[in-house]
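Colleague: Structure file upload-v2.pdb (PDB, C-alpha atoms, pLDDT in the B column) right here:
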ATOM      1  CA  MET A 104       4.514 -14.843   9.498  1.00 92.00           C
ATOM      2  CA  LEU A 105       3.193 -12.963   6.477  1.00 97.00           C
ATOM      3  CA  GLU A 106       0.893 -10.053   7.342  1.00 98.00           C
ATOM      4  CA  VAL A 107      -2.187 -10.047   5.080  1.00 98.00           C
ATOM      5  CA  VAL A 108      -3.306  -6.437   4.693  1.00 98.00           C
ATOM      6  CA  PRO A 109      -6.729  -5.879   3.102  1.00 98.00           C
ATOM      7  CA  SER A 110      -7.078  -2.635   1.189  1.00 96.00           C
ATOM      8  CA  VAL A 111      -9.684  -0.123   0.139  1.00 96.00           C
ATOM      9  CA  ASP A 112      -9.228   2.308  -2.725  1.00 94.00           C
ATOM     10  CA  LEU A 113     -11.460   5.363  -2.356  1.00 97.00           C
ATOM     11  CA  ARG A 114     -12.684   7.676  -5.069  1.00 96.00           C
ATOM     12  CA  SER A 115     -15.448  10.228  -4.506  1.00 94.00           C
ATOM     13  CA  GLY A 116     -16.396   8.408  -1.311  1.00 95.00           C
ATOM     14  CA  ARG A 117     -16.824   5.060  -3.061  1.00 94.00           C
ATOM     15  CA  VAL A 118     -14.878   1.823  -2.901  1.00 94.00           C
ATOM     16  CA  VAL A 119     -13.317   1.275  -6.333  1.00 92.00           C
ATOM     17  CA  ARG A 120     -10.417  -0.475  -8.041  1.00 85.00           C
ATOM     18  CA  LEU A 121      -8.302   0.636 -10.963  1.00 83.00           C
ATOM     19  CA  LYS A 122      -6.798  -1.812 -13.427  1.00 80.00           C
ATOM     20  CA  GLN A 123      -3.060  -1.131 -13.752  1.00 76.00           C
ATOM     21  CA  GLY A 124      -3.605   2.284 -12.135  1.00 77.00           C
ATOM     22  CA  ASP A 125      -5.702   3.530 -15.060  1.00 82.00           C
ATOM     23  CA  TYR A 126      -8.454   5.922 -13.914  1.00 86.00           C
ATOM     24  CA  ALA A 127     -10.352   5.168 -17.138  1.00 87.00           C
ATOM     25  CA  ARG A 128     -10.501   1.482 -16.154  1.00 90.00           C
ATOM     26  CA  GLN A 129     -12.286   1.860 -12.837  1.00 91.00           C
ATOM     27  CA  ILE A 130     -14.323  -0.894 -11.209  1.00 91.00           C
ATOM     28  CA  ASN A 131     -16.974   0.258  -8.736  1.00 92.00           C
ATOM     29  CA  TYR A 132     -18.016  -1.890  -5.767  1.00 92.00           C
ATOM     30  CA  ASP A 133     -21.365  -1.419  -4.085  1.00 90.00           C
ATOM     31  CA  VAL A 134     -20.050  -1.630  -0.543  1.00 93.00           C
ATOM     32  CA  ASP A 135     -19.893   0.895   2.260  1.00 96.00           C
ATOM     33  CA  PRO A 136     -16.306   1.929   3.141  1.00 96.00           C
ATOM     34  CA  VAL A 137     -16.952   2.006   6.905  1.00 97.00           C
ATOM     35  CA  ASP A 138     -18.769  -1.345   6.881  1.00 96.00           C
ATOM     36  CA  THR A 139     -15.903  -2.776   4.834  1.00 96.00           C
ATOM     37  CA  ALA A 140     -13.416  -1.735   7.517  1.00 96.00           C
ATOM     38  CA  ARG A 141     -15.489  -3.505  10.170  1.00 97.00           C
ATOM     39  CA  ALA A 142     -15.759  -6.627   8.014  1.00 96.00           C
ATOM     40  CA  TYR A 143     -11.991  -6.815   7.608  1.00 97.00           C
ATOM     41  CA  ARG A 144     -11.537  -6.520  11.367  1.00 97.00           C
ATOM     42  CA  ASP A 145     -14.094  -9.264  11.960  1.00 97.00           C
ATOM     43  CA  ALA A 146     -12.253 -11.511   9.500  1.00 97.00           C
ATOM     44  CA  GLY A 147      -9.134 -11.239  11.656  1.00 98.00           C
ATOM     45  CA  ALA A 148      -7.070  -8.548   9.950  1.00 98.00           C
ATOM     46  CA  THR A 149      -4.829  -6.487  12.206  1.00 98.00           C
ATOM     47  CA  TRP A 150      -3.641  -4.073   9.505  1.00 98.00           C
ATOM     48  CA  PHE A 151      -5.677  -2.171   6.930  1.00 97.00           C
ATOM     49  CA  HIS A 152      -4.517  -0.230   3.848  1.00 98.00           C
ATOM     50  CA  ILE A 153      -6.395   2.776   2.451  1.00 98.00           C
ATOM     51  CA  VAL A 154      -5.629   4.633  -0.785  1.00 95.00           C
ATOM     52  CA  ASP A 155      -7.105   8.055  -1.488  1.00 96.00           C
ATOM     53  CA  LEU A 156      -7.303   7.892  -5.292  1.00 93.00           C
ATOM     54  CA  ASP A 157      -8.639  11.435  -5.588  1.00 94.00           C
ATOM     55  CA  GLY A 158      -5.623  12.567  -3.605  1.00 92.00           C
ATOM     56  CA  ALA A 159      -3.232  10.521  -5.741  1.00 87.00           C
ATOM     57  CA  LYS A 160      -4.606  12.079  -8.905  1.00 87.00           C
ATOM     58  CA  ASP A 161      -4.933  15.672  -7.683  1.00 88.00           C
ATOM     59  CA  GLY A 162      -1.837  15.805  -5.466  1.00 88.00           C
ATOM     60  CA  LYS A 163      -3.806  16.702  -2.343  1.00 90.00           C
ATOM     61  CA  PRO A 164      -5.524  14.372   0.180  1.00 93.00           C
ATOM     62  CA  ALA A 165      -9.273  14.540  -0.401  1.00 95.00           C
ATOM     63  CA  GLN A 166     -10.851  11.763   1.660  1.00 95.00           C
ATOM     64  CA  THR A 167      -9.368  12.381   5.119  1.00 96.00           C
ATOM     65  CA  PRO A 168     -12.728  12.829   6.954  1.00 96.00           C
ATOM     66  CA  LEU A 169     -14.018   9.516   5.560  1.00 97.00           C
ATOM     67  CA  ILE A 170     -10.695   7.824   6.291  1.00 97.00           C
ATOM     68  CA  GLU A 171     -10.906   9.019   9.896  1.00 97.00           C
ATOM     69  CA  LYS A 172     -14.349   7.391  10.210  1.00 97.00           C
ATOM     70  CA  MET A 173     -13.027   4.153   8.735  1.00 97.00           C
ATOM     71  CA  ILE A 174     -10.083   4.091  11.143  1.00 97.00           C
ATOM     72  CA  ALA A 175     -12.364   4.686  14.132  1.00 96.00           C
ATOM     73  CA  ALA A 176     -14.862   2.036  13.042  1.00 94.00           C
ATOM     74  CA  GLY A 177     -12.343  -0.636  12.122  1.00 94.00           C
ATOM     75  CA  GLY A 178     -10.160  -0.546  15.199  1.00 93.00           C
ATOM     76  CA  MET A 179      -7.175  -1.856  13.216  1.00 97.00           C
ATOM     77  CA  LYS A 180      -3.752  -0.402  12.583  1.00 98.00           C
ATOM     78  CA  VAL A 181      -4.040   1.538   9.360  1.00 98.00           C
ATOM     79  CA  GLN A 182      -1.637   2.787   6.713  1.00 98.00           C
ATOM     80  CA  VAL A 183      -2.894   5.498   4.366  1.00 98.00           C
ATOM     81  CA  GLY A 184      -1.586   6.866   1.077  1.00 96.00           C
ATOM     82  CA  GLY A 185      -2.620   8.979  -1.873  1.00 93.00           C
ATOM     83  CA  GLY A 186      -1.670  12.557  -2.649  1.00 92.00           C
ATOM     84  CA  ILE A 187       0.742  13.072   0.230  1.00 95.00           C
ATOM     85  CA  ARG A 188       2.790  16.128  -0.726  1.00 95.00           C
ATOM     86  CA  SER A 189       3.743  17.799   2.569  1.00 97.00           C
ATOM     87  CA  THR A 190       4.678  17.224   6.190  1.00 97.00           C
ATOM     88  CA  ALA A 191       1.323  18.735   7.128  1.00 97.00           C
ATOM     89  CA  ASP A 192      -0.484  16.093   5.026  1.00 96.00           C
ATOM     90  CA  ILE A 193       1.346  13.363   6.914  1.00 97.00           C
ATOM     91  CA  GLN A 194       0.663  14.878  10.314  1.00 97.00           C
ATOM     92  CA  ARG A 195      -3.034  15.327   9.505  1.00 96.00           C
ATOM     93  CA  LEU A 196      -3.408  11.620   8.712  1.00 97.00           C
ATOM     94  CA  LEU A 197      -1.488  10.577  11.814  1.00 98.00           C
ATOM     95  CA  ASP A 198      -3.757  12.849  13.848  1.00 97.00           C
ATOM     96  CA  ALA A 199      -6.743  11.157  12.169  1.00 97.00           C
ATOM     97  CA  GLY A 200      -5.563   7.848  13.629  1.00 98.00           C
ATOM     98  CA  ALA A 201      -3.331   6.392  10.932  1.00 98.00           C
ATOM     99  CA  SER A 202      -0.420   4.311  12.213  1.00 98.00           C
ATOM    100  CA  ARG A 203       1.598   4.812   9.042  1.00 98.00           C
ATOM    101  CA  VAL A 204       1.492   7.152   6.069  1.00 98.00           C
ATOM    102  CA  VAL A 205       2.514   6.050   2.587  1.00 98.00           C
ATOM    103  CA  VAL A 206       4.601   8.519   0.577  1.00 96.00           C
ATOM    104  CA  GLY A 207       5.470   7.904  -3.063  1.00 91.00           C
ATOM    105  CA  THR A 208       5.576  10.699  -5.634  1.00 88.00           C
ATOM    106  CA  LYS A 209       6.664  13.452  -3.230  1.00 93.00           C
ATOM    107  CA  ALA A 210       9.471  11.291  -1.862  1.00 95.00           C
ATOM    108  CA  MET A 211      10.859  10.565  -5.305  1.00 92.00           C
ATOM    109  CA  GLU A 212      10.510  14.156  -6.537  1.00 91.00           C
ATOM    110  CA  ASP A 213      11.872  15.812  -3.376  1.00 96.00           C
ATOM    111  CA  TRP A 214      14.306  13.313  -1.951  1.00 96.00           C
ATOM    112  CA  ALA A 215      15.977  15.882   0.327  1.00 98.00           C
ATOM    113  CA  TRP A 216      12.636  16.577   2.037  1.00 98.00           C
ATOM    114  CA  PHE A 217      11.814  12.901   2.463  1.00 98.00           C
ATOM    115  CA  SER A 218      15.246  11.911   3.725  1.00 98.00           C
ATOM    116  CA  GLN A 219      15.201  14.674   6.328  1.00 98.00           C
ATOM    117  CA  LEU A 220      11.659  13.771   7.393  1.00 98.00           C
ATOM    118  CA  ALA A 221      12.521  10.099   7.753  1.00 98.00           C
ATOM    119  CA  GLN A 222      15.293  10.939  10.198  1.00 97.00           C
ATOM    120  CA  GLU A 223      13.035  13.012  12.464  1.00 98.00           C
ATOM    121  CA  GLU A 224      12.253  11.030  15.587  1.00 98.00           C
ATOM    122  CA  ALA A 225       8.546  11.938  15.465  1.00 97.00           C
ATOM    123  CA  PHE A 226       8.235  10.065  12.172  1.00 98.00           C
ATOM    124  CA  HIS A 227      10.419   7.037  12.933  1.00 98.00           C
ATOM    125  CA  HIS A 228       8.667   3.854  11.731  1.00 98.00           C
ATOM    126  CA  LYS A 229       5.595   5.844  10.662  1.00 98.00           C
ATOM    127  CA  LEU A 230       6.552   6.411   7.033  1.00 98.00           C
ATOM    128  CA  VAL A 231       6.091   3.867   4.259  1.00 98.00           C
ATOM    129  CA  LEU A 232       7.984   4.515   1.039  1.00 98.00           C
ATOM    130  CA  ALA A 233       5.883   3.518  -1.962  1.00 95.00           C
ATOM    131  CA  LEU A 234       7.886   2.197  -4.887  1.00 94.00           C
ATOM    132  CA  ASP A 235       5.560   1.633  -7.831  1.00 90.00           C
ATOM    133  CA  ALA A 236       7.582   0.158 -10.660  1.00 91.00           C
ATOM    134  CA  LYS A 237       7.232  -0.298 -14.398  1.00 84.00           C
ATOM    135  CA  ASN A 238       9.888  -2.729 -15.660  1.00 85.00           C
ATOM    136  CA  GLY A 239      11.796  -2.180 -12.435  1.00 88.00           C
ATOM    137  CA  VAL A 240      11.832   1.642 -12.736  1.00 88.00           C
ATOM    138  CA  VAL A 241       9.937   3.689 -10.155  1.00 92.00           C
ATOM    139  CA  ALA A 242       6.869   5.484 -11.566  1.00 84.00           C
ATOM    140  CA  THR A 243       5.291   8.574  -9.974  1.00 79.00           C
ATOM    141  CA  ARG A 244       2.233  10.841 -10.245  1.00 72.00           C
ATOM    142  CA  GLY A 245      -0.366   8.109 -10.302  1.00 63.00           C
ATOM    143  CA  TRP A 246       1.982   5.992 -12.442  1.00 61.00           C
ATOM    144  CA  THR A 247       1.982   8.545 -15.259  1.00 65.00           C
ATOM    145  CA  ALA A 248       5.600   9.720 -14.849  1.00 68.00           C
ATOM    146  CA  ASP A 249       8.971   7.950 -14.856  1.00 76.00           C
ATOM    147  CA  SER A 250      11.486   8.728 -12.083  1.00 73.00           C
ATOM    148  CA  GLY A 251      14.400   7.124 -13.938  1.00 84.00           C
ATOM    149  CA  LYS A 252      15.441   5.289 -10.751  1.00 91.00           C
ATOM    150  CA  LEU A 253      15.553   1.530 -10.278  1.00 93.00           C
ATOM    151  CA  ALA A 254      13.423   0.332  -7.350  1.00 94.00           C
ATOM    152  CA  THR A 255      16.221  -1.936  -6.107  1.00 96.00           C
ATOM    153  CA  ASP A 256      18.680   0.989  -6.035  1.00 96.00           C
ATOM    154  CA  VAL A 257      16.242   3.073  -3.994  1.00 96.00           C
ATOM    155  CA  ALA A 258      15.657   0.195  -1.547  1.00 97.00           C
ATOM    156  CA  ARG A 259      19.397  -0.252  -1.135  1.00 97.00           C
ATOM    157  CA  GLY A 260      19.815   3.468  -0.495  1.00 97.00           C
ATOM    158  CA  VAL A 261      17.316   3.549   2.395  1.00 98.00           C
ATOM    159  CA  SER A 262      18.466   0.264   3.912  1.00 97.00           C
ATOM    160  CA  ASP A 263      19.473   1.789   7.258  1.00 97.00           C
ATOM    161  CA  TRP A 264      16.685   4.382   7.493  1.00 98.00           C
ATOM    162  CA  PRO A 265      14.037   4.093  10.271  1.00 98.00           C
ATOM    163  CA  LEU A 266      11.196   3.581   7.793  1.00 98.00           C
ATOM    164  CA  ALA A 267       8.171   1.456   8.666  1.00 98.00           C
ATOM    165  CA  ALA A 268       8.251  -0.354   5.337  1.00 98.00           C
ATOM    166  CA  ILE A 269       8.646  -0.203   1.586  1.00 98.00           C
ATOM    167  CA  LEU A 270       5.426  -0.788  -0.330  1.00 97.00           C
ATOM    168  CA  TYR A 271       6.338  -2.387  -3.647  1.00 95.00           C
ATOM    169  CA  THR A 272       3.858  -2.501  -6.525  1.00 91.00           C
ATOM    170  CA  ASP A 273       4.458  -3.799 -10.018  1.00 88.00           C
ATOM    171  CA  VAL A 274       2.175  -1.550 -12.063  1.00 84.00           C
ATOM    172  CA  ALA A 275       1.627  -4.166 -14.767  1.00 79.00           C
ATOM    173  CA  LYS A 276       0.253  -6.583 -12.175  1.00 78.00           C
ATOM    174  CA  ASP A 277      -1.935  -4.230 -10.141  1.00 73.00           C
ATOM    175  CA  GLY A 278      -5.641  -5.004 -10.190  1.00 71.00           C
ATOM    176  CA  MET A 279      -5.170  -7.865 -12.650  1.00 79.00           C
ATOM    177  CA  MET A 280      -5.318 -10.760 -10.128  1.00 85.00           C
ATOM    178  CA  THR A 281      -2.787 -12.781 -12.123  1.00 89.00           C
ATOM    179  CA  GLY A 282      -0.256 -12.858  -9.294  1.00 91.00           C
ATOM    180  CA  PRO A 283       2.379 -10.421  -8.027  1.00 92.00           C
ATOM    181  CA  ASN A 284       5.784 -10.093  -9.653  1.00 92.00           C
ATOM    182  CA  PHE A 285       7.363 -12.611  -7.285  1.00 95.00           C
ATOM    183  CA  GLU A 286      10.871 -12.366  -8.711  1.00 94.00           C
ATOM    184  CA  ALA A 287      11.059  -8.560  -8.600  1.00 93.00           C
ATOM    185  CA  THR A 288       9.508  -8.489  -5.122  1.00 95.00           C
ATOM    186  CA  ALA A 289      12.053 -10.967  -3.780  1.00 96.00           C
ATOM    187  CA  MET A 290      14.893  -9.023  -5.390  1.00 95.00           C
ATOM    188  CA  LEU A 291      13.699  -5.799  -3.781  1.00 95.00           C
ATOM    189  CA  ALA A 292      13.290  -7.404  -0.356  1.00 96.00           C
ATOM    190  CA  LYS A 293      16.871  -8.703  -0.523  1.00 96.00           C
ATOM    191  CA  ALA A 294      18.258  -5.324  -1.634  1.00 96.00           C
ATOM    192  CA  GLY A 295      17.937  -3.698   1.798  1.00 96.00           C
ATOM    193  CA  ASN A 296      16.872  -4.094   5.415  1.00 97.00           C
ATOM    194  CA  VAL A 297      13.583  -2.173   5.400  1.00 98.00           C
ATOM    195  CA  PRO A 298      10.561  -4.528   5.610  1.00 98.00           C
ATOM    196  CA  VAL A 299       8.832  -4.953   2.243  1.00 98.00           C
ATOM    197  CA  ILE A 300       5.104  -5.148   1.565  1.00 98.00           C
ATOM    198  CA  ALA A 301       4.131  -6.802  -1.715  1.00 97.00           C
ATOM    199  CA  SER A 302       1.267  -5.166  -3.589  1.00 93.00           C
ATOM    200  CA  GLY A 303      -0.573  -5.750  -6.828  1.00 88.00           C
ATOM    201  CA  GLY A 304      -1.921  -8.830  -8.512  1.00 91.00           C
ATOM    202  CA  VAL A 305      -2.939 -11.217  -5.715  1.00 95.00           C
ATOM    203  CA  GLY A 306      -5.876 -13.200  -7.073  1.00 95.00           C
ATOM    204  CA  HIS A 307      -6.156 -16.427  -5.069  1.00 96.00           C
ATOM    205  CA  ILE A 308      -4.826 -18.406  -2.133  1.00 98.00           C
ATOM    206  CA  GLU A 309      -1.887 -19.936  -4.021  1.00 97.00           C
ATOM    207  CA  HIS A 310      -0.450 -16.435  -4.496  1.00 97.00           C
ATOM    208  CA  ILE A 311      -0.562 -15.983  -0.710  1.00 98.00           C
ATOM    209  CA  ARG A 312       1.056 -19.367  -0.172  1.00 97.00           C
ATOM    210  CA  ARG A 313       3.868 -18.511  -2.571  1.00 97.00           C
ATOM    211  CA  LEU A 314       4.444 -15.129  -0.926  1.00 98.00           C
ATOM    212  CA  THR A 315       5.002 -16.855   2.423  1.00 97.00           C
ATOM    213  CA  GLN A 316       8.198 -18.249   0.886  1.00 97.00           C
ATOM    214  CA  LEU A 317       9.581 -14.766   0.166  1.00 97.00           C
ATOM    215  CA  PRO A 318      11.409 -12.502   2.672  1.00 97.00           C
ATOM    216  CA  VAL A 319       8.560  -9.971   2.797  1.00 98.00           C
ATOM    217  CA  TRP A 320       6.705  -8.551   5.804  1.00 98.00           C
ATOM    218  CA  GLY A 321       3.245  -8.426   4.278  1.00 98.00           C
ATOM    219  CA  VAL A 322       0.969  -8.356   1.256  1.00 98.00           C
ATOM    220  CA  ILE A 323      -1.797  -6.007   0.159  1.00 96.00           C
ATOM    221  CA  VAL A 324      -4.982  -7.681  -1.087  1.00 96.00           C
ATOM    222  CA  GLY A 325      -7.838  -5.784  -2.679  1.00 93.00           C
ATOM    223  CA  ARG A 326      -9.823  -6.653  -5.790  1.00 91.00           C
ATOM    224  CA  SER A 327      -9.691 -10.402  -5.125  1.00 94.00           C
ATOM    225  CA  LEU A 328     -11.593  -9.871  -1.856  1.00 95.00           C
ATOM    226  CA  TYR A 329     -14.403  -7.929  -3.529  1.00 92.00           C
ATOM    227  CA  GLU A 330     -14.719 -10.349  -6.415  1.00 91.00           C
ATOM    228  CA  GLY A 331     -14.687 -13.428  -4.202  1.00 95.00           C
ATOM    229  CA  THR A 332     -11.596 -15.169  -5.567  1.00 97.00           C
ATOM    230  CA  LEU A 333      -9.821 -14.848  -2.207  1.00 97.00           C
ATOM    231  CA  ASP A 334     -11.259 -15.340   1.272  1.00 98.00           C
ATOM    232  CA  LEU A 335      -9.606 -13.078   3.834  1.00 98.00           C
ATOM    233  CA  LYS A 336      -9.960 -15.503   6.749  1.00 98.00           C
ATOM    234  CA  GLU A 337      -8.368 -18.292   4.718  1.00 98.00           C
ATOM    235  CA  ALA A 338      -5.587 -15.992   3.522  1.00 98.00           C
ATOM    236  CA  ILE A 339      -4.763 -15.000   7.096  1.00 98.00           C
ATOM    237  CA  ARG A 340      -4.799 -18.650   8.184  1.00 98.00           C
ATOM    238  CA  VAL A 341      -2.427 -19.700   5.383  1.00 98.00           C
ATOM    239  CA  ALA A 342      -0.145 -16.739   6.106  1.00 97.00           C
ATOM    240  CA  CYS A 343       0.092 -17.803   9.740  1.00 94.00           C
ATOM    241  CA  GLU A 344       1.061 -21.393   8.946  1.00 87.00           C
ATOM    242  CA  ILE A 345       4.731 -20.598   8.368  1.00 64.00           C
TER
END
Rewrite the structure from the file as C-alpha cells, please.

Modeller:
Amino acid sequence: MLEVVPSVDLRSGRVVRLKQGDYARQINYDVDPVDTARAYRDAGATWFHIVDLDGAKDGKPAQTPLIEKMIAAGGMKVQVGGGIRSTADIQRLLDAGASRVVVGTKAMEDWAWFSQLAQEEAFHHKLVLALDAKNGVVATRGWTADSGKLATDVARGVSDWPLAAILYTDVAKDGMMTGPNFEATAMLAKAGNVPVIASGGVGHIEHIRRLTQLPVWGVIVGRSLYEGTLDLKEAIRVACEI
C-alpha cells in the first residue's frame, strides 16, 4: 500500500506553497493551518507532513508553537522539517508531538553529526533524511546550494541505517503539479533499503496511480489538494487498491 501524506508548508503562520522552492514565487492559501490538519484527518489520512519554510530559510525552526497546535488538533502521525540544525531542534519537535523529524541541509553539511545521531537508539526510526535533488545532485540550504553528492549514492550509503525514511524531492518538479520524477524516484528507491517517500509534482490521481507501481513507501501531496486537482479521499482509496 502507498501511504498518501498530505502536507502543509508554513510561512509567517500562513499556509503557502513555493514553486520549485523559490521564495519569490509564493502562493498563499486562505486556509487555517489547524483546520487544515483536522480536514486531512477527516479525509482519512494517517500521516501528515509539515514544512517550516521560515525555518528552512533562516536555519532555525520558527513555527514550532503552531506546529504543536496542528499536531494536537489533527491526531495524526506527523513528520516535520524545515531549519533543523541541531539535536536540540529535533528533540524539541519530538517533544511537541512529531513522530518523525526531517533533516536535510544539516545532515549533508555535517555528515558525522547526522550519522552518529542516526545510530542513537533514542532516534531510531524517528529521522527522515531529506534528499532534494537538482539533476540527481543533492541541493541544500533551501535548494540554493549544491552538495556535489548524487542522491542515489547517499541512499546507498545509508541503506542499513535505522532511518524512518528518505524523503526524495526533485526540485524541478516541486509545486508544478506536472508529475513527480518517476524514473529518478524509482532509481533512488532501488538504491538502498530505507523506505522512500516521493515528493514534488503530484497534480492528479493518475500520478498517484503510477506511484503505486513504484517501490516507494509513500507520497507527499500539497498544492494539488489546495487547488482542487486532487481529492485526498480518492487518492487514499486508489493508493489502497494495490

Colleague: When the PyMOL selection byres ((chain A and resi 108-124) around 6) is applied to the structure above, which residues does it catch, written out as number ranges by chain?

Modeller: A: 107, 125, 128-132, 150-157, 274-275, 277-278, 322-325

Colleague: Export C-alpha atoms of the chosen residues as a short mmCIF file (atom, residue, chain, number, x, y, z; two decimals), keeping the file's coordinate frame?

Modeller:
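Okay, again02.cif is ready:
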data_model
loop_
_atom_site.label_atom_id
_atom_site.label_comp_id
_atom_site.auth_asym_id
_atom_site.auth_seq_id
_atom_site.Cartn_x
_atom_site.Cartn_y
_atom_site.Cartn_z
CA VAL A 107 -2.19 -10.05 5.08
CA ASP A 125 -5.70 3.53 -15.06
CA ARG A 128 -10.50 1.48 -16.15
CA GLN A 129 -12.29 1.86 -12.84
CA ILE A 130 -14.32 -0.89 -11.21
CA ASN A 131 -16.97 0.26 -8.74
CA TYR A 132 -18.02 -1.89 -5.77
CA TRP A 150 -3.64 -4.07 9.51
CA PHE A 151 -5.68 -2.17 6.93
CA HIS A 152 -4.52 -0.23 3.85
CA ILE A 153 -6.40 2.78 2.45
CA VAL A 154 -5.63 4.63 -0.78
CA ASP A 155 -7.10 8.06 -1.49
CA LEU A 156 -7.30 7.89 -5.29
CA ASP A 157 -8.64 11.44 -5.59
CA VAL A 274 2.17 -1.55 -12.06
CA ALA A 275 1.63 -4.17 -14.77
CA ASP A 277 -1.94 -4.23 -10.14
CA GLY A 278 -5.64 -5.00 -10.19
CA VAL A 322 0.97 -8.36 1.26
CA ILE A 323 -1.80 -6.01 0.16
CA VAL A 324 -4.98 -7.68 -1.09
CA GLY A 325 -7.84 -5.78 -2.68
#

Colleague: Can you list, as a VMD selection string, every protein, DNA or RNA residue that comes within 9 Å of Gly239 (chain A) when you count all atoms listed in the file, leaving out same-chain residues fewer than 2 positions away?

Modeller: chain A and resid 235 to 237 241 252 to 255 273 287

Colleague: Might you spell out which residues the PyMOL selection byres ((chain A and resi 260) around 12) would select in the displayed file, as a list in words?

Modeller: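 Answer for the PyMOL selection byres ((chain A and resi 260) around 12): Trp214, Ser218, Leu232, Lys252, Leu253, Ala254, Thr255, Asp256, Val257, Ala258, Arg259, Val261, Ser262, Asp263, Trp264, Leu266, Ile269, Leu291, Ala294, Gly295, Asn296 and Val297 of chain A.
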
Colleague: Just give me the gap between CA of Gly147 (chain A) and CA of Thr288 (chain A) in Å, one decimal is fine.

Modeller: 25.2 Å

Colleague: Every residue with an atom at most 8 Å from (0.4, -16.3, 14.2) (file coordinates; all atoms listed in the file) is what I'm after, so could you write them as a list in words?

Modeller: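 Final list of nearby residues, as requested, is Met104, Cys343 and Glu344 of chain A.
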
Colleague: Selected by the PyMOL selection byres ((chain A and resi 210-212) around 10) in the shown coordinates: which residues, as a CSV table (one decimal) with C-alpha atoms, in the frame of the given file?

Modeller:
chain,number,residue,atom,x,y,z
A,187,ILE,CA,0.7,13.1,0.2
A,188,ARG,CA,2.8,16.1,-0.7
A,189,SER,CA,3.7,17.8,2.6
A,205,VAL,CA,2.5,6.0,2.6
A,206,VAL,CA,4.6,8.5,0.6
A,207,GLY,CA,5.5,7.9,-3.1
A,208,THR,CA,5.6,10.7,-5.6
A,209,LYS,CA,6.7,13.5,-3.2
A,213,ASP,CA,11.9,15.8,-3.4
A,214,TRP,CA,14.3,13.3,-2.0
A,215,ALA,CA,16.0,15.9,0.3
A,216,TRP,CA,12.6,16.6,2.0
A,217,PHE,CA,11.8,12.9,2.5
A,218,SER,CA,15.2,11.9,3.7
A,220,LEU,CA,11.7,13.8,7.4
A,232,LEU,CA,8.0,4.5,1.0
A,233,ALA,CA,5.9,3.5,-2.0
A,234,LEU,CA,7.9,2.2,-4.9
A,241,VAL,CA,9.9,3.7,-10.2
A,242,ALA,CA,6.9,5.5,-11.6
A,243,THR,CA,5.3,8.6,-10.0
A,244,ARG,CA,2.2,10.8,-10.2
A,250,SER,CA,11.5,8.7,-12.1
A,251,GLY,CA,14.4,7.1,-13.9
A,252,LYS,CA,15.4,5.3,-10.8
A,257,VAL,CA,16.2,3.1,-4.0

Colleague: Restricting the calculation to only C-alpha atoms: of A:Leu105, A:Asp145, A:Asp135, A:Ser202, which residue gets closest to Leu317 (chain A)?

Modeller: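 Distance minimum relative to Leu317 (chain A) lands on A:Leu105.
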
Colleague: Taking into account all atoms listed in the file, which residue in the set A:Ala289, A:Lys163, A:Glu223, A:Arg313 is nearest to Ala191 (chain A)?

Modeller: A:Lys163

Colleague: The centre and edge lengths of an axis-aligned box containing all atoms of region 214-232 of chain A present in the file, extended by 3 Å on each side, are to be given in Å to one decimal, as JSON.

Modeller:
{"center_x": 10.8, "center_y": 10.2, "center_z": 6.8, "size_x": 16.4, "size_y": 18.7, "size_z": 23.5}

Colleague: Ranking A:Pro265, A:Gly282, A:Gly306, A:Gly331 by minimum distance to Glu224 (chain A) and counting all atoms listed in the file, which one comes first?

Modeller: A:Pro265

Colleague: Give me, as a list in words, all polymer residues having an atom no more than 6 Å from Ala267 (chain A), counting all atoms listed in the file and skipping those fewer than 5 positions away in the same chain.

Modeller: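 Here the qualifying residues turn out to be His228, Lys229, Leu230 and Val231 of chain A.
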